[in-house]
$ cat structure.tsv   # TSV, C-alpha atoms and all ligand atoms
chain	number	residue	atom	x	y	z
K	1	MET	CA	31.03	-53.33	-3.96
K	2	ASP	CA	28.79	-54.13	-1.00
K	3	LEU	CA	25.17	-52.96	-0.88
K	4	GLU	CA	25.95	-49.90	1.28
K	5	GLN	CA	28.55	-48.66	-1.21
K	6	ILE	CA	26.18	-49.28	-4.11
K	7	LYS	CA	23.44	-47.35	-2.31
K	8	LYS	CA	25.71	-44.38	-1.60
K	9	SER	CA	27.16	-44.08	-5.08
K	10	ALA	CA	23.81	-44.66	-6.83
K	11	ILE	CA	22.01	-41.97	-4.77
K	12	ASN	CA	24.91	-39.59	-5.37
K	13	ALA	CA	24.74	-40.21	-9.11
K	14	ILE	CA	20.94	-39.64	-9.16
K	15	ASN	CA	21.30	-36.34	-7.29
K	16	ASN	CA	24.06	-35.15	-9.61
K	17	ALA	CA	22.19	-36.01	-12.82
K	18	SER	CA	21.40	-32.65	-14.42
K	19	THR	CA	19.71	-33.92	-17.60
K	20	ALA	CA	17.31	-36.70	-18.52
K	21	GLN	CA	20.19	-38.41	-20.40
K	22	ASP	CA	22.40	-38.37	-17.27
K	23	LEU	CA	19.57	-39.96	-15.33
K	24	GLU	CA	19.07	-42.68	-17.93
K	25	SER	CA	22.79	-43.55	-17.72
K	26	VAL	CA	22.49	-43.90	-13.94
K	27	ASN	CA	19.47	-46.12	-14.42
K	28	VAL	CA	21.36	-48.36	-16.86
K	29	LYS	CA	24.49	-48.42	-14.67
K	30	TYR	CA	22.69	-49.64	-11.56
K	31	LEU	CA	19.38	-51.19	-12.63
K	32	GLY	CA	19.99	-52.11	-16.30
K	33	ARG	CA	20.30	-55.70	-17.55
K	34	LYS	CA	24.00	-55.67	-16.78
K	35	GLY	CA	23.69	-53.12	-13.99
K	36	VAL	CA	25.57	-53.21	-10.70
K	37	LEU	CA	22.53	-53.95	-8.54
K	38	THR	CA	21.06	-56.34	-11.09
K	39	GLY	CA	24.38	-58.25	-10.87
K	40	VAL	CA	24.01	-58.56	-7.11
K	41	LEU	CA	20.46	-59.86	-7.49
K	42	HIS	CA	21.59	-62.44	-10.07
K	43	SER	CA	24.38	-63.68	-7.83
K	44	LEU	CA	21.92	-64.44	-4.98
K	45	LYS	CA	21.36	-67.94	-6.37
K	46	ASP	CA	24.97	-68.85	-5.53
K	47	LEU	CA	24.57	-67.94	-1.85
K	48	SER	CA	23.51	-70.05	1.09
K	49	ILE	CA	19.80	-69.93	1.94
K	50	GLU	CA	20.49	-67.82	4.98
K	51	ASP	CA	22.66	-65.23	3.11
K	52	ARG	CA	20.24	-65.24	0.19
K	53	ARG	CA	17.39	-64.27	2.52
K	54	LYS	CA	19.40	-61.61	4.30
K	55	ILE	CA	21.11	-59.97	1.31
K	56	GLY	CA	18.15	-60.62	-1.04
K	57	SER	CA	15.67	-58.58	0.99
K	58	LYS	CA	18.16	-55.69	1.34
K	59	ALA	CA	19.01	-55.73	-2.38
K	60	ASN	CA	15.31	-55.73	-3.35
K	61	ALA	CA	14.57	-52.83	-0.97
K	62	LEU	CA	17.47	-50.88	-2.50
K	63	LYS	CA	16.22	-51.63	-6.02
K	64	GLN	CA	12.79	-50.30	-5.09
K	65	LYS	CA	14.25	-47.15	-3.52
K	66	LEU	CA	16.48	-46.39	-6.53
K	67	GLU	CA	13.54	-46.91	-8.91
K	68	GLU	CA	11.46	-44.46	-6.87
K	69	LEU	CA	14.23	-41.82	-6.82
K	70	ILE	CA	14.86	-42.18	-10.54
K	71	ASN	CA	11.13	-41.95	-11.33
K	72	LYS	CA	10.69	-38.85	-9.21
K	73	LYS	CA	13.60	-37.04	-10.82
K	74	SER	CA	12.56	-38.14	-14.27
K	75	ASN	CA	9.07	-36.66	-13.65
K	76	SER	CA	10.55	-33.34	-12.65
K	77	PHE	CA	12.64	-33.26	-15.86
K	78	ARG	CA	9.48	-34.00	-17.84
K	79	GLU	CA	7.52	-31.16	-16.17
K	80	LEU	CA	10.34	-28.75	-16.88
K	81	SER	CA	10.57	-29.72	-20.52
K	82	ASN	CA	6.76	-29.34	-20.86
K	83	LYS	CA	7.01	-25.82	-19.52
K	84	ILE	CA	9.85	-24.95	-21.86
K	85	SER	CA	7.91	-26.29	-24.84
K	86	PHE	CA	4.96	-24.06	-23.80
K	87	GLY	CA	7.23	-21.01	-24.13
K	88	PHE	CA	8.27	-20.61	-20.49
K	89	ASP	CA	12.01	-21.04	-20.04
K	90	VAL	CA	12.96	-20.94	-16.38
K	91	THR	CA	16.63	-20.84	-17.24
K	92	LYS	CA	16.29	-17.48	-19.03
K	93	PRO	CA	17.12	-14.33	-17.03
K	94	GLY	CA	13.87	-12.65	-15.90
K	95	LEU	CA	12.47	-9.32	-17.04
K	96	LYS	CA	13.01	-6.48	-14.55
K	97	ILE	CA	9.72	-5.69	-12.85
K	98	PHE	CA	9.27	-2.02	-12.03
K	99	SER	CA	7.59	-1.67	-8.70
K	100	GLY	CA	5.21	1.26	-8.24
K	101	HIS	CA	6.27	4.21	-6.13
K	102	LEU	CA	5.11	7.62	-5.09
K	103	HIS	CA	5.17	10.68	-7.35
K	104	PRO	CA	7.58	13.36	-6.02
K	105	LEU	CA	4.61	15.63	-5.23
K	106	SER	CA	2.97	12.86	-3.19
K	107	LYS	CA	6.27	12.30	-1.40
K	108	ILE	CA	6.67	15.94	-0.42
K	109	ASP	CA	2.99	16.13	0.53
K	110	ALA	CA	3.43	13.19	2.91
K	111	GLU	CA	6.56	14.75	4.38
K	112	VAL	CA	4.91	18.15	4.91
K	113	ARG	CA	1.93	16.53	6.65
K	114	LYS	CA	4.25	14.53	8.90
K	115	ILE	CA	6.22	17.61	9.96
K	116	PHE	CA	3.12	19.67	10.78
K	117	LEU	CA	1.50	16.74	12.60
K	118	SER	CA	4.66	16.56	14.74
K	119	MET	CA	4.07	20.25	15.58
K	120	ASN	CA	0.51	19.50	16.72
K	121	PHE	CA	-1.29	20.82	13.61
K	122	SER	CA	-4.35	18.96	12.26
K	123	VAL	CA	-4.83	18.22	8.56
K	124	VAL	CA	-8.05	19.56	7.01
K	125	ASP	CA	-9.59	19.21	3.55
K	126	GLY	CA	-11.88	21.38	1.39
K	127	PRO	CA	-13.61	21.29	-2.02
K	128	GLU	CA	-11.74	22.01	-5.27
K	129	ILE	CA	-14.92	23.43	-6.82
K	130	GLU	CA	-15.55	26.53	-4.77
K	131	ASN	CA	-17.89	29.46	-4.87
K	132	GLU	CA	-17.02	33.12	-5.16
K	133	TYR	CA	-18.00	33.81	-1.56
K	134	TYR	CA	-15.41	31.48	0.01
K	135	ASN	CA	-12.69	31.99	-2.58
K	136	PHE	CA	-12.94	35.83	-2.53
K	137	ASP	CA	-15.65	37.74	-0.61
K	138	ALA	CA	-15.20	36.16	2.82
K	139	LEU	CA	-11.45	36.64	2.43
K	140	ASN	CA	-11.94	40.41	2.17
K	141	ILE	CA	-11.70	40.45	-1.64
K	142	PRO	CA	-15.08	41.87	-2.74
K	143	ALA	CA	-16.26	41.88	-6.36
K	144	ASN	CA	-14.48	44.51	-8.47
K	145	HIS	CA	-11.64	44.75	-5.94
K	146	PRO	CA	-8.39	45.06	-7.94
K	147	ALA	CA	-6.84	42.30	-5.80
K	148	ARG	CA	-9.02	39.77	-7.61
K	149	ASP	CA	-6.60	40.16	-10.53
K	150	MET	CA	-3.96	38.45	-8.37
K	151	TRP	CA	-5.84	35.21	-8.92
K	152	ASP	CA	-6.70	34.53	-12.56
K	153	THR	CA	-9.75	32.38	-12.22
K	154	PHE	CA	-11.35	29.47	-14.06
K	155	TRP	CA	-15.05	30.33	-13.74
K	156	LEU	CA	-17.53	27.48	-14.05
K	157	LYS	CA	-20.96	27.43	-15.58
K	158	SER	CA	-23.01	28.08	-12.46
K	159	LYS	CA	-26.56	27.44	-13.65
K	160	ASN	CA	-27.66	23.84	-13.00
K	161	ASN	CA	-24.11	22.81	-12.18
K	162	PRO	CA	-24.31	19.32	-10.62
K	163	PHE	CA	-21.40	20.19	-8.31
K	164	ARG	CA	-23.13	23.24	-6.84
K	165	GLN	CA	-24.07	21.35	-3.66
K	166	LEU	CA	-20.40	20.61	-2.96
K	167	ALA	CA	-19.45	24.29	-3.02
K	168	ASP	CA	-22.46	26.02	-1.51
K	169	SER	CA	-23.56	26.25	2.03
K	170	GLY	CA	-26.37	28.71	1.38
K	171	GLN	CA	-24.42	31.40	-0.53
K	172	LYS	CA	-25.46	30.47	-4.07
K	173	SER	CA	-22.67	32.59	-5.52
K	174	LYS	CA	-20.80	31.96	-8.79
K	175	LEU	CA	-18.82	28.72	-9.05
K	176	LEU	CA	-15.12	28.48	-9.84
K	177	LEU	CA	-12.10	26.19	-9.48
K	178	ARG	CA	-10.46	27.38	-6.26
K	179	THR	CA	-7.47	29.59	-6.98
K	180	HIS	CA	-5.89	28.96	-3.57
K	181	THR	CA	-6.43	26.86	-0.45
K	182	SER	CA	-7.36	29.96	1.60
K	183	PRO	CA	-11.17	29.44	1.29
K	184	VAL	CA	-10.77	26.44	3.59
K	185	GLN	CA	-9.76	28.91	6.33
K	186	ILE	CA	-13.30	30.32	6.20
K	187	ARG	CA	-14.99	26.92	5.94
K	188	TYR	CA	-13.06	25.67	8.96
K	189	MET	CA	-13.59	28.77	11.12
K	190	GLU	CA	-17.34	28.74	10.39
K	191	LYS	CA	-17.57	25.36	12.10
K	192	HIS	CA	-14.87	25.47	14.80
K	193	ASN	CA	-13.89	27.72	17.66
K	194	PRO	CA	-10.33	28.73	18.52
K	195	PRO	CA	-7.78	27.84	19.68
K	196	PHE	CA	-6.67	25.55	16.82
K	197	GLN	CA	-3.89	25.06	14.33
K	198	ILE	CA	-4.52	23.44	10.96
K	199	ILE	CA	-2.93	22.83	7.60
K	200	VAL	CA	-4.83	22.33	4.35
K	201	PRO	CA	-2.89	20.61	1.58
K	202	GLY	CA	-4.70	20.63	-1.76
K	203	ARG	CA	-4.94	21.25	-5.48
K	204	VAL	CA	-5.56	24.73	-6.84
K	205	PHE	CA	-6.11	26.15	-10.33
K	206	ARG	CA	-5.22	29.39	-12.07
K	207	TYR	CA	-6.04	30.60	-15.52
K	208	GLU	CA	-2.49	31.56	-16.41
K	209	ALA	CA	0.24	30.73	-18.89
K	210	THR	CA	2.74	28.09	-17.83
K	211	ASP	CA	6.49	28.58	-17.54
K	212	MET	CA	9.35	27.03	-15.56
K	213	SER	CA	7.81	27.99	-12.21
K	214	HIS	CA	4.10	28.40	-13.01
K	215	GLU	CA	1.46	25.79	-13.76
K	216	PHE	CA	-2.28	26.30	-14.20
K	217	ASN	CA	-2.88	23.36	-11.86
K	218	PHE	CA	-0.61	23.11	-8.84
K	219	TYR	CA	-0.64	22.37	-5.11
K	220	GLN	CA	-0.65	24.57	-2.04
K	221	VAL	CA	-0.51	24.01	1.69
K	222	GLU	CA	-2.50	26.48	3.71
K	223	GLY	CA	-1.71	27.01	7.38
K	224	LEU	CA	-3.89	28.70	10.00
K	225	MET	CA	-3.32	29.13	13.72
K	226	VAL	CA	-5.84	31.09	15.77
K	227	GLY	CA	-5.98	31.73	19.51
K	228	SER	CA	-6.11	34.51	22.06
K	229	ASP	CA	-2.41	35.31	21.96
K	230	VAL	CA	-1.03	34.11	18.62
K	231	SER	CA	1.60	36.48	17.25
K	232	LEU	CA	3.87	36.99	14.27
K	233	ALA	CA	6.70	35.61	16.44
K	234	ASN	CA	4.79	32.28	16.59
K	235	PHE	CA	4.49	32.35	12.79
K	236	LYS	CA	8.21	32.93	12.38
K	237	PHE	CA	9.03	30.05	14.71
K	238	VAL	CA	6.62	27.61	13.01
K	239	VAL	CA	7.84	28.45	9.50
K	240	GLU	CA	11.51	28.30	10.39
K	241	GLU	CA	11.05	25.03	12.28
K	242	PHE	CA	9.10	23.55	9.37
K	243	CYS	CA	11.70	24.58	6.76
K	244	ARG	CA	14.59	23.27	8.87
K	245	LYS	CA	12.84	19.93	9.24
K	246	LEU	CA	12.18	19.76	5.49
K	247	PHE	CA	15.44	21.19	4.10
K	248	GLY	CA	18.00	20.85	6.91
K	249	SER	CA	19.56	23.32	9.33
K	250	LYS	CA	21.45	25.39	6.72
K	251	VAL	CA	18.36	26.97	5.16
K	252	GLN	CA	18.27	30.82	5.21
K	253	PHE	CA	15.13	32.98	5.43
K	254	ARG	CA	14.00	36.35	4.12
K	255	PHE	CA	10.71	37.83	5.40
K	256	ARG	CA	9.49	40.61	3.06
K	257	PRO	CA	6.38	42.76	3.28
K	258	GLY	CA	3.66	41.52	0.93
K	259	TYR	CA	0.04	42.32	0.19
K	260	PHE	CA	-2.90	39.94	0.56
K	261	PRO	CA	-6.34	41.42	1.42
K	262	PHE	CA	-6.99	38.72	4.05
K	263	VAL	CA	-3.92	39.50	6.21
K	264	GLU	CA	-2.60	42.60	7.93
K	265	PRO	CA	0.37	42.86	7.99
K	266	GLY	CA	1.11	40.64	5.01
K	267	LEU	CA	4.41	38.90	4.27
K	268	GLU	CA	6.22	36.94	1.65
K	269	VAL	CA	8.81	34.40	2.68
K	270	ASP	CA	11.85	33.52	0.59
K	271	ILE	CA	14.30	30.75	1.40
K	272	LYS	CA	17.77	29.96	0.20
K	273	LEU	CA	19.69	26.69	0.40
K	274	GLU	CA	23.46	26.37	0.20
K	275	GLY	CA	24.66	27.18	-3.30
K	276	GLY	CA	21.19	28.25	-4.52
K	277	GLY	CA	19.43	31.58	-4.99
K	278	TRP	CA	16.50	33.13	-3.08
K	279	LEU	CA	13.11	31.57	-3.90
K	280	GLU	CA	9.66	32.76	-2.87
K	281	VAL	CA	7.82	29.90	-1.19
K	282	MET	CA	4.85	31.41	0.58
K	283	GLY	CA	2.51	34.28	1.25
K	284	ALA	CA	1.47	34.85	4.86
K	285	GLY	CA	0.47	37.31	7.56
K	286	MET	CA	-1.77	38.02	10.53
K	287	VAL	CA	-5.44	37.31	9.80
K	288	GLN	CA	-7.34	40.50	8.84
K	289	ARG	CA	-10.20	41.66	11.13
K	290	ASN	CA	-12.75	41.51	8.30
K	291	VAL	CA	-12.03	37.79	7.87
K	292	PHE	CA	-12.79	37.19	11.57
K	293	ASP	CA	-15.96	39.26	11.16
K	294	ALA	CA	-17.05	37.04	8.26
K	295	VAL	CA	-16.88	33.93	10.46
K	296	ARG	CA	-18.38	35.70	13.50
K	297	TYR	CA	-15.26	35.64	15.65
K	298	ASN	CA	-14.61	38.71	17.78
K	299	PRO	CA	-11.43	40.31	16.31
K	300	ASP	CA	-10.71	41.95	19.66
K	301	GLU	CA	-10.54	38.57	21.37
K	302	VAL	CA	-8.72	36.35	18.87
K	303	GLN	CA	-5.75	36.72	16.60
K	304	GLY	CA	-4.03	34.36	14.25
K	305	PHE	CA	-1.52	33.88	11.51
K	306	ALA	CA	-2.08	32.22	8.15
K	307	PHE	CA	0.16	31.18	5.31
K	308	GLY	CA	-0.10	29.56	1.91
K	309	MET	CA	2.87	27.85	0.33
K	310	GLY	CA	3.43	26.30	-3.06
K	311	LEU	CA	3.99	22.57	-2.61
K	312	ASP	CA	5.41	22.22	-6.13
K	313	ARG	CA	7.96	24.94	-5.38
K	314	LEU	CA	9.02	23.13	-2.19
K	315	ALA	CA	9.48	19.92	-4.19
K	316	MET	CA	11.47	21.80	-6.85
K	317	ILE	CA	13.86	23.10	-4.20
K	318	LYS	CA	14.14	19.82	-2.29
K	319	TYR	CA	14.71	17.60	-5.34
K	320	LYS	CA	16.52	20.25	-7.44
K	321	ILE	CA	13.96	20.16	-10.26
K	322	PRO	CA	14.45	23.02	-12.74
K	323	ASP	CA	10.99	23.07	-14.35
K	324	ILE	CA	7.60	22.66	-12.64
K	325	ARG	CA	6.07	21.23	-15.84
K	326	LEU	CA	8.09	18.02	-15.37
K	327	PHE	CA	5.72	17.06	-12.54
K	328	TYR	CA	2.74	16.92	-14.84
K	329	ASN	CA	3.92	15.73	-18.26
K	330	GLY	CA	3.79	12.02	-17.39
K	331	ASP	CA	7.32	11.25	-18.60
K	332	LEU	CA	8.21	8.02	-16.79
K	333	ARG	CA	11.95	8.64	-17.23
K	334	PHE	CA	11.51	11.60	-14.88
K	335	ILE	CA	9.12	9.95	-12.42
K	336	ARG	CA	11.27	6.80	-12.06
K	337	GLN	CA	14.15	8.82	-10.62
K	338	PHE	CA	12.34	9.23	-7.29
K	401	LIG	C1	-1.31	34.42	1.86
K	401	LIG	C2	-1.65	34.89	3.11
K	401	LIG	C3	-2.37	34.03	3.93
K	401	LIG	O1	-2.77	34.47	5.12
K	401	LIG	C4	-2.69	32.74	3.55
K	401	LIG	C5	-2.34	32.30	2.29
K	401	LIG	C6	-1.65	33.14	1.47
K	401	LIG	C7	-1.30	32.68	0.11
K	401	LIG	C8	-2.35	33.11	-0.92
K	401	LIG	N1	-3.60	32.41	-0.76
K	401	LIG	C9	-1.79	32.83	-2.29
K	401	LIG	O2	-2.32	32.01	-3.02
K	401	LIG	N2	-0.69	33.51	-2.57
K	401	LIG	S1	0.17	33.31	-3.92
K	401	LIG	O3	-0.66	33.59	-5.05
K	401	LIG	O4	1.34	34.12	-3.82
K	401	LIG	O5	0.56	31.78	-3.94
K	401	LIG	C10	1.21	31.17	-2.85
K	401	LIG	C11	2.35	30.30	-3.31
K	401	LIG	O6	1.86	29.40	-4.30
K	401	LIG	C12	3.44	31.08	-4.00
K	401	LIG	O7	4.35	31.57	-3.07
K	401	LIG	C13	4.07	30.03	-4.90
K	401	LIG	O8	4.96	29.22	-4.14
K	401	LIG	C14	2.88	29.18	-5.27
K	401	LIG	N3	2.36	29.52	-6.60
K	401	LIG	C15	1.66	30.60	-6.97
K	401	LIG	N4	1.30	30.56	-8.26
K	401	LIG	C16	1.79	29.40	-8.75
K	401	LIG	C17	2.48	28.75	-7.70
K	401	LIG	N5	3.07	27.55	-7.88
K	401	LIG	C18	3.00	27.02	-9.11
K	401	LIG	N6	2.38	27.57	-10.17
K	401	LIG	C19	1.76	28.76	-10.03
K	401	LIG	N7	1.10	29.28	-11.07

$ encode --input "structure.tsv" --output "structure tokens" --more "lines below"
Ligand code: YSA
Amino acid sequence: MDLEQIKKSAINAINNASTAQDLESVNVKYLGRKGVLTGVLHSLKDLSIEDRRKIGSKANALKQKLEELINKKSNSFRELSNKISFGFDVTKPGLKIFSGHLHPLSKIDAEVRKIFLSMNFSVVDGPEIENEYYNFDALNIPANHPARDMWDTFWLKSKNNPFRQLADSGQKSKLLLRTHTSPVQIRYMEKHNPPFQIIVPGRVFRYEATDMSHEFNFYQVEGLMVGSDVSLANFKFVVEEFCRKLFGSKVQFRFRPGYFPFVEPGLEVDIKLEGGGWLEVMGAGMVQRNVFDAVRYNPDEVQGFAFGMGLDRLAMIKYKIPDIRLFYNGDLRFIRQF
């Protein structure tokens, strides 16, 4: 074998060595006492001075290179075996890492916002701890009005409540957990002039028993569009467009008369997807004059529509979830399906 062949086959053997023992065999075969390269170095003494110089320097350079390669690989085997002895076995299949992802309610919330933003609505926020004035009175639901029974309320201790500042802007009325997102209509109109169109996604609370479609803590999306010539036809278009974007073109609608003190006329909207039944998804209507009075708008100059839909109900329809309580019970087997 000439030096080139020795070099090729030795490097090949080093690269192919998959264990420390393999590597040691390669070391012995080429650099050991009776090794191939050692043999070449021993035979130098029989050569002419000129050949000895020429072949000798090449053989020594090759010896040095092979020693370096073998040392390097041997170090990597040593590091690996150290890791294994410390309990870390790189050859074992890894554990599956679950990456975090959005809760189905957060997903639908993001989708709803995106659709309304594409229709030129702005997204507005309001406090979850409200006062009686915004949650009821300003919405044309005075104290002792039977309509208050529509919203079973969690009342809060009002005296010295540290959250009072969040809810009050001068009214100092009783505190509660908001029962719907409608109070944000009043808060927004107090500070802005029409025309505008907003949505208000947010958490609401009701003091009621839970069942498949009712929770005591759930989410709503309020909508409000006010201007000089806003009509029920605009409402119908916006709602149908929104539902088609969220559920697809095959969704069917049913607009029924409904009663809410803050709208006149009032409506309830049901939708139906292919193969499903009718489901109520929102209350709505044209904003009542008394509500405009409360925010000092002139009801003869402006009109508007408003709606409030149940975000949980939209998610139940979209993802075919039979029971609203699944959203809140923290069962990861459910959450991981989204
Ligand atoms: C009506 C007219 C307007 O101009 C503006 C808003 C509204 C809606 C009104 N504020 C309201 O809260 N009506 S509602 O009591 O019928 O609730 C609206 C939607 O919330 C319902 O259609 C339903 O989808 C959902 N919802 C109501 N109670 C619920 C619930 N979702 C889950 N659990 C509950 N307990």

$ residues_near_ligand --input "structure.tsv" --ligand "ligand LIG 401 (chain K)" --cutoff "7 Å" --atoms "all atoms listed in the file" --output "PyMOL selection string"
chain K and resi 150-151+179-182+206+208+213-220+222-223+260+262-263+266+280-287+305-313

$ write_last_selection --input "structure.tsv" --atoms "C-alpha atoms" --output "PDB file, keeping the file's coordinate frame"
ATOM      1  CA  MET K 150      -3.960  38.450  -8.370  1.00  0.00           C
ATOM      2  CA  TRP K 151      -5.840  35.210  -8.920  1.00  0.00           C
ATOM      3  CA  THR K 179      -7.470  29.590  -6.980  1.00  0.00           C
ATOM      4  CA  HIS K 180      -5.890  28.960  -3.570  1.00  0.00           C
ATOM      5  CA  THR K 181      -6.430  26.860  -0.450  1.00  0.00           C
ATOM      6  CA  SER K 182      -7.360  29.960   1.600  1.00  0.00           C
ATOM      7  CA  ARG K 206      -5.220  29.390 -12.070  1.00  0.00           C
ATOM      8  CA  GLU K 208      -2.490  31.560 -16.410  1.00  0.00           C
ATOM      9  CA  SER K 213       7.810  27.990 -12.210  1.00  0.00           C
ATOM     10  CA  HIS K 214       4.100  28.400 -13.010  1.00  0.00           C
ATOM     11  CA  GLU K 215       1.460  25.790 -13.760  1.00  0.00           C
ATOM     12  CA  PHE K 216      -2.280  26.300 -14.200  1.00  0.00           C
ATOM     13  CA  ASN K 217      -2.880  23.360 -11.860  1.00  0.00           C
ATOM     14  CA  PHE K 218      -0.610  23.110  -8.840  1.00  0.00           C
ATOM     15  CA  TYR K 219      -0.640  22.370  -5.110  1.00  0.00           C
ATOM     16  CA  GLN K 220      -0.650  24.570  -2.040  1.00  0.00           C
ATOM     17  CA  GLU K 222      -2.500  26.480   3.710  1.00  0.00           C
ATOM     18  CA  GLY K 223      -1.710  27.010   7.380  1.00  0.00           C
ATOM     19  CA  PHE K 260      -2.900  39.940   0.560  1.00  0.00           C
ATOM     20  CA  PHE K 262      -6.990  38.720   4.050  1.00  0.00           C
ATOM     21  CA  VAL K 263      -3.920  39.500   6.210  1.00  0.00           C
ATOM     22  CA  GLY K 266       1.110  40.640   5.010  1.00  0.00           C
ATOM     23  CA  GLU K 280       9.660  32.760  -2.870  1.00  0.00           C
ATOM     24  CA  VAL K 281       7.820  29.900  -1.190  1.00  0.00           C
ATOM     25  CA  MET K 282       4.850  31.410   0.580  1.00  0.00           C
ATOM     26  CA  GLY K 283       2.510  34.280   1.250  1.00  0.00           C
ATOM     27  CA  ALA K 284       1.470  34.850   4.860  1.00  0.00           C
ATOM     28  CA  GLY K 285       0.470  37.310   7.560  1.00  0.00           C
ATOM     29  CA  MET K 286      -1.770  38.020  10.530  1.00  0.00           C
ATOM     30  CA  VAL K 287      -5.440  37.310   9.800  1.00  0.00           C
ATOM     31  CA  PHE K 305      -1.520  33.880  11.510  1.00  0.00           C
ATOM     32  CA  ALA K 306      -2.080  32.220   8.150  1.00  0.00           C
ATOM     33  CA  PHE K 307       0.160  31.180   5.310  1.00  0.00           C
ATOM     34  CA  GLY K 308      -0.100  29.560   1.910  1.00  0.00           C
ATOM     35  CA  MET K 309       2.870  27.850   0.330  1.00  0.00           C
ATOM     36  CA  GLY K 310       3.430  26.300  -3.060  1.00  0.00           C
ATOM     37  CA  LEU K 311       3.990  22.570  -2.610  1.00  0.00           C
ATOM     38  CA  ASP K 312       5.410  22.220  -6.130  1.00  0.00           C
ATOM     39  CA  ARG K 313       7.960  24.940  -5.380  1.00  0.00           C
TER      40      ARG K 313
END

$ residues_around --input "structure.tsv" --residues "Ile129 in chain K" --least-positions-apart "5" --cutoff "7 Å" --atoms "all atoms listed in the file" --output "ChimeraX atom specification"
/K:167,175-178

$ atom_distance --input "structure.tsv" --atom1 "CA of Phe255 in chain K" --atom2 "CA of Glu268 in chain K"
5.9 Å

$ closest_residue --input "structure.tsv" --among "K:Leu273, K:Ile335, K:Leu47, K:Val302" --to "Ser231 in chain K" --atoms "all atoms listed in the file"
K:Val302

$ closest_residue --input "structure.tsv" --among "K:Leu314, K:Ile271, K:Ser43, K:Lys245" --to "Ser118 in chain K" --atoms "only C-alpha atoms"
K:Lys245

$ axis_aligned_box --input "structure.tsv" --around "range 296-313 of chain K" --padding-each-side "4 Å" --output "JSON"
{"center_x": -5.2, "center_y": 32.1, "center_z": 7.6, "size_x": 34.3, "size_y": 27.7, "size_z": 35.5}

$ closest_residue --input "structure.tsv" --among "K:Pro93, K:Gly32, K:Gly248, K:Pro194" --to "Lys63 in chain K" --atoms "all atoms listed in the file"
K:Gly32

$ residues_around --input "structure.tsv" --residues "Glu4 in chain K" --least-positions-apart "5" --cutoff "10 Å" --atoms "only C-alpha atoms" --output "count of residues only"
5

$ atom_distance --input "structure.tsv" --atom1 "CA of Pro201 in chain K" --atom2 "CA of Glu111 in chain K"
11.5 Å

$ closest_residue --input "structure.tsv" --among "K:Val230, K:Val291, K:Met212, K:Ala61" --to "Arg325 in chain K" --atoms "only C-alpha atoms"
K:Met212

$ residues_around --input "structure.tsv" --residues "Ile199 in chain K" --least-positions-apart "3" --cutoff "12 Å" --atoms "all atoms listed in the file" --output "tab-separated table (two decimals) with C-alpha atoms, in the frame of the given file"
chain	number	residue	atom	x	y	z
K	109	ASP	CA	2.99	16.13	0.53
K	112	VAL	CA	4.91	18.15	4.91
K	113	ARG	CA	1.93	16.53	6.65
K	114	LYS	CA	4.25	14.53	8.90
K	115	ILE	CA	6.22	17.61	9.96
K	116	PHE	CA	3.12	19.67	10.78
K	117	LEU	CA	1.50	16.74	12.60
K	119	MET	CA	4.07	20.25	15.58
K	120	ASN	CA	0.51	19.50	16.72
K	121	PHE	CA	-1.29	20.82	13.61
K	122	SER	CA	-4.35	18.96	12.26
K	123	VAL	CA	-4.83	18.22	8.56
K	124	VAL	CA	-8.05	19.56	7.01
K	125	ASP	CA	-9.59	19.21	3.55
K	126	GLY	CA	-11.88	21.38	1.39
K	181	THR	CA	-6.43	26.86	-0.45
K	182	SER	CA	-7.36	29.96	1.60
K	184	VAL	CA	-10.77	26.44	3.59
K	185	GLN	CA	-9.76	28.91	6.33
K	188	TYR	CA	-13.06	25.67	8.96
K	196	PHE	CA	-6.67	25.55	16.82
K	202	GLY	CA	-4.70	20.63	-1.76
K	220	GLN	CA	-0.65	24.57	-2.04
K	221	VAL	CA	-0.51	24.01	1.69
K	222	GLU	CA	-2.50	26.48	3.71
K	223	GLY	CA	-1.71	27.01	7.38
K	224	LEU	CA	-3.89	28.70	10.00
K	225	MET	CA	-3.32	29.13	13.72
K	226	VAL	CA	-5.84	31.09	15.77
K	238	VAL	CA	6.62	27.61	13.01
K	305	PHE	CA	-1.52	33.88	11.51
K	306	ALA	CA	-2.08	32.22	8.15
K	307	PHE	CA	0.16	31.18	5.31
K	308	GLY	CA	-0.10	29.56	1.91
K	309	MET	CA	2.87	27.85	0.33

$ closest_residue --input "structure.tsv" --among "K:Asn193, K:Ala147, K:Arg336, K:Asp152" --to "Tyr259 in chain K" --atoms "only C-alpha atoms"
K:Ala147

$ closest_residue --input "structure.tsv" --among "K:Ile97, K:Val295, K:Ala20, K:Ile49" --to "Asn75 in chain K" --atoms "all atoms listed in the file"
K:Ala20

$ residues_around --input "structure.tsv" --residues "Ala138 in chain K" --least-positions-apart "2" --cutoff "12 Å" --atoms "all atoms listed in the file" --output "ChimeraX atom specification"
/K:131-136,140-143,171,173,182-187,189-190,261-262,288-296

$ atom_distance --input "structure.tsv" --atom1 "CA of Gln5 in chain K" --atom2 "CA of Lys34 in chain K"
17.7 Å

$ residues_around --input "structure.tsv" --residues "Val28 in chain K" --least-positions-apart "4" --cutoff "12 Å" --atoms "all atoms listed in the file" --output "list in words"
Ala10, Ala13, Ile14, Gln21, Asp22, Leu23, Glu24, Gly32, Arg33, Lys34, Gly35, Val36, Leu37, Thr38, Gly39, Leu66, Glu67 and Ile70 of chain K
